[in-house]
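Taking it in order: structure first as structure tokens, then the write-up.
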Amino acid sequence: MQVKHLGNIAEKLLVFGGPYSNLAATMALQARARELDIAAERIICTGDIVAYCAEPAQTIELIRDWGIHVVMGNCEEALAFSEADCGCGFAADSSCSTLAITWYQYADRRVTAEQRLWMQDIPRSIEFEAGGKGFKVVHGSLSSINEFVFASSDAAAKLEQIRVAGVDVVIGGHCGIPFGQGIDNLFWLNAGVIGMPANDGGSHGWYMMIDPAADGLQVSWHRLDYDHETSRRTTIAAGMPEYGRALLDGRWPSIDILPEAESRQSGQPLDLPTLHI
Ligand SMILES: [Fe+2]
């Protein structure tokens, strides 16, 4: 399936990305959704169920049993089709690439053939309407599953993609750092990820809420605190100590992919004001 259509959604939505094989974080988000009384059909994951942490198969099963909507990430695409690497788009000689080889081989040994078939059928984008606006959810960008679109990425390029998609709002994932940006009354949103800190110096992940408001929609970002100590321990025991440490100190083991603006923000708390769209 290439595009999944959800129709018009009149109730609040929860959006998150990057479970990254972090079972404890994914369980915590599921518990949060239950506390907030948000049903599975109003939850969207922007992809990369499997990546840096220790429990890829268990995290896939939790997401499948939950029954939420998922957009295919490059990690699902790579594992679904048994590709040689994660397809993150890292430069071959970068430390991101070296680290990615380790987790990808670890996950590739654990994801089952049946799970690969399930991943092949994940849609590459999701479309819906809410608050009178059209939304399109993708993993990287409209044109590339592994394009890193950050807050500091070129606004004109974002605007062009939103216009080509024919929507009011694009929700992307992949880059790992949440943000919301309005450009000429059109919007690019990133929900953030739950399975790895946002390089903001804290052990928490991030998710995004879209709530109906009197004059449109309210978009807000929220911290997800969870049992990061368990994930740190299992990730280190699985042979990925760099990612294990990052789960605790909130600093990515490599920032090769970060633009200068996001690189300067390393270790600093994020400022994510609520957006009215
Ligand atoms: Fe990704």
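Chains: A, B, ... in order of the structure tokens. Residues: from 1 per chain. Ligands: from 1, in order shown.
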
Near Arg233 of chain A, within 12 Å and counting only C-alpha atoms, which residues show up once chain neighbours fewer than 4 positions away are dropped, as a compact mmCIF listing (two decimals) with N, CA, C and O atoms, in the first residue's frame?
# COMPACT_ATOMS: atom_id res chain seq x y z
N ASN A 22 12.86 0.25 21.21
CA ASN A 22 12.86 0.58 22.63
C ASN A 22 11.51 0.17 23.21
O ASN A 22 10.54 0.93 23.19
N ALA A 24 10.47 -0.49 26.34
CA ALA A 24 9.97 0.22 27.53
C ALA A 24 9.35 1.56 27.15
O ALA A 24 8.31 1.95 27.69
N CYS A 53 17.84 0.20 19.71
CA CYS A 53 17.77 -0.46 21.01
C CYS A 53 17.64 -1.99 20.88
O CYS A 53 17.80 -2.53 19.80
N ALA A 54 17.34 -2.66 21.99
CA ALA A 54 17.61 -4.10 22.09
C ALA A 54 16.46 -5.02 21.73
O ALA A 54 16.65 -6.23 21.64
N GLU A 55 15.24 -4.48 21.56
CA GLU A 55 14.09 -5.38 21.44
C GLU A 55 13.27 -5.13 20.17
O GLU A 55 12.10 -4.73 20.24
N ASP A 227 10.80 4.16 31.71
CA ASP A 227 11.83 3.40 32.41
C ASP A 227 13.08 3.29 31.52
O ASP A 227 13.39 2.24 30.97
N HIS A 228 13.78 4.42 31.37
CA HIS A 228 14.95 4.44 30.47
C HIS A 228 16.10 3.60 31.01
O HIS A 228 16.97 3.17 30.25
N GLU A 229 16.11 3.37 32.32
CA GLU A 229 17.19 2.57 32.89
C GLU A 229 17.15 1.13 32.36
O GLU A 229 18.18 0.54 32.05
N ALA A 237 23.74 -4.28 27.05
CA ALA A 237 23.95 -5.73 27.08
C ALA A 237 23.86 -6.33 25.67
O ALA A 237 24.49 -7.36 25.39
N ALA A 238 23.11 -5.68 24.79
CA ALA A 238 22.97 -6.17 23.41
C ALA A 238 24.16 -5.79 22.54
O ALA A 238 24.19 -6.14 21.35
N GLY A 239 25.11 -5.06 23.13
CA GLY A 239 26.32 -4.74 22.38
C GLY A 239 26.29 -3.38 21.71
O GLY A 239 27.05 -3.12 20.77
N MET A 240 25.40 -2.50 22.21
CA MET A 240 25.31 -1.16 21.63
C MET A 240 25.47 -0.10 22.73
O MET A 240 24.55 0.63 23.06
N PRO A 241 26.68 -0.04 23.34
CA PRO A 241 26.89 0.83 24.50
C PRO A 241 26.72 2.31 24.20
O PRO A 241 26.27 3.08 25.06
N GLU A 242 27.05 2.72 22.97
CA GLU A 242 26.92 4.16 22.65
C GLU A 242 25.46 4.60 22.73
O GLU A 242 25.15 5.67 23.26
N TYR A 243 24.57 3.77 22.19
CA TYR A 243 23.15 4.12 22.24
C TYR A 243 22.62 3.99 23.67
O TYR A 243 21.76 4.76 24.09
N GLY A 244 23.12 2.99 24.40
CA GLY A 244 22.70 2.84 25.79
C GLY A 244 23.02 4.09 26.61
O GLY A 244 22.18 4.57 27.37
N ARG A 245 24.22 4.61 26.43
CA ARG A 245 24.59 5.83 27.17
C ARG A 245 23.70 7.00 26.77
O ARG A 245 23.31 7.82 27.60
N ALA A 246 23.39 7.07 25.46
CA ALA A 246 22.55 8.19 24.98
C ALA A 246 21.17 8.17 25.62
O ALA A 246 20.56 9.22 25.84
N LEU A 247 20.66 6.98 25.92
CA LEU A 247 19.34 6.88 26.55
C LEU A 247 19.32 7.53 27.92
O LEU A 247 18.29 8.00 28.38
N LEU A 248 20.48 7.57 28.56
CA LEU A 248 20.56 8.17 29.89
C LEU A 248 20.92 9.65 29.83
O LEU A 248 20.26 10.48 30.44

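The list of residues with at least one atom within 8 Å of Leu159 of chain A, based on only C-alpha atoms and without residues fewer than 3 positions apart in the same chain, reads Ala155, Ala156, Ile162, Arg163, Ile183 and Leu186 of chain A.
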
Among listed residues A:Leu142, A:Val137, A:Cys75, A:Ala191, nearest ligand 1 (using only C-alpha atoms and all ligand atoms): A:Cys75

Test item: residues lying within 10 Å of ligand 1 with only C-alpha atoms and all ligand atoms, as a PyMOL selection string: chain A and resi 17-18+20+46-51+72-77+86-89+139-140+145-148+172-176

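Compared by their closest atoms to Ala151 of chain A, and using only C-alpha atoms, the residues A:Val219, A:Val111, A:Leu272, A:Ile63 rank with A:Leu272 nearest.
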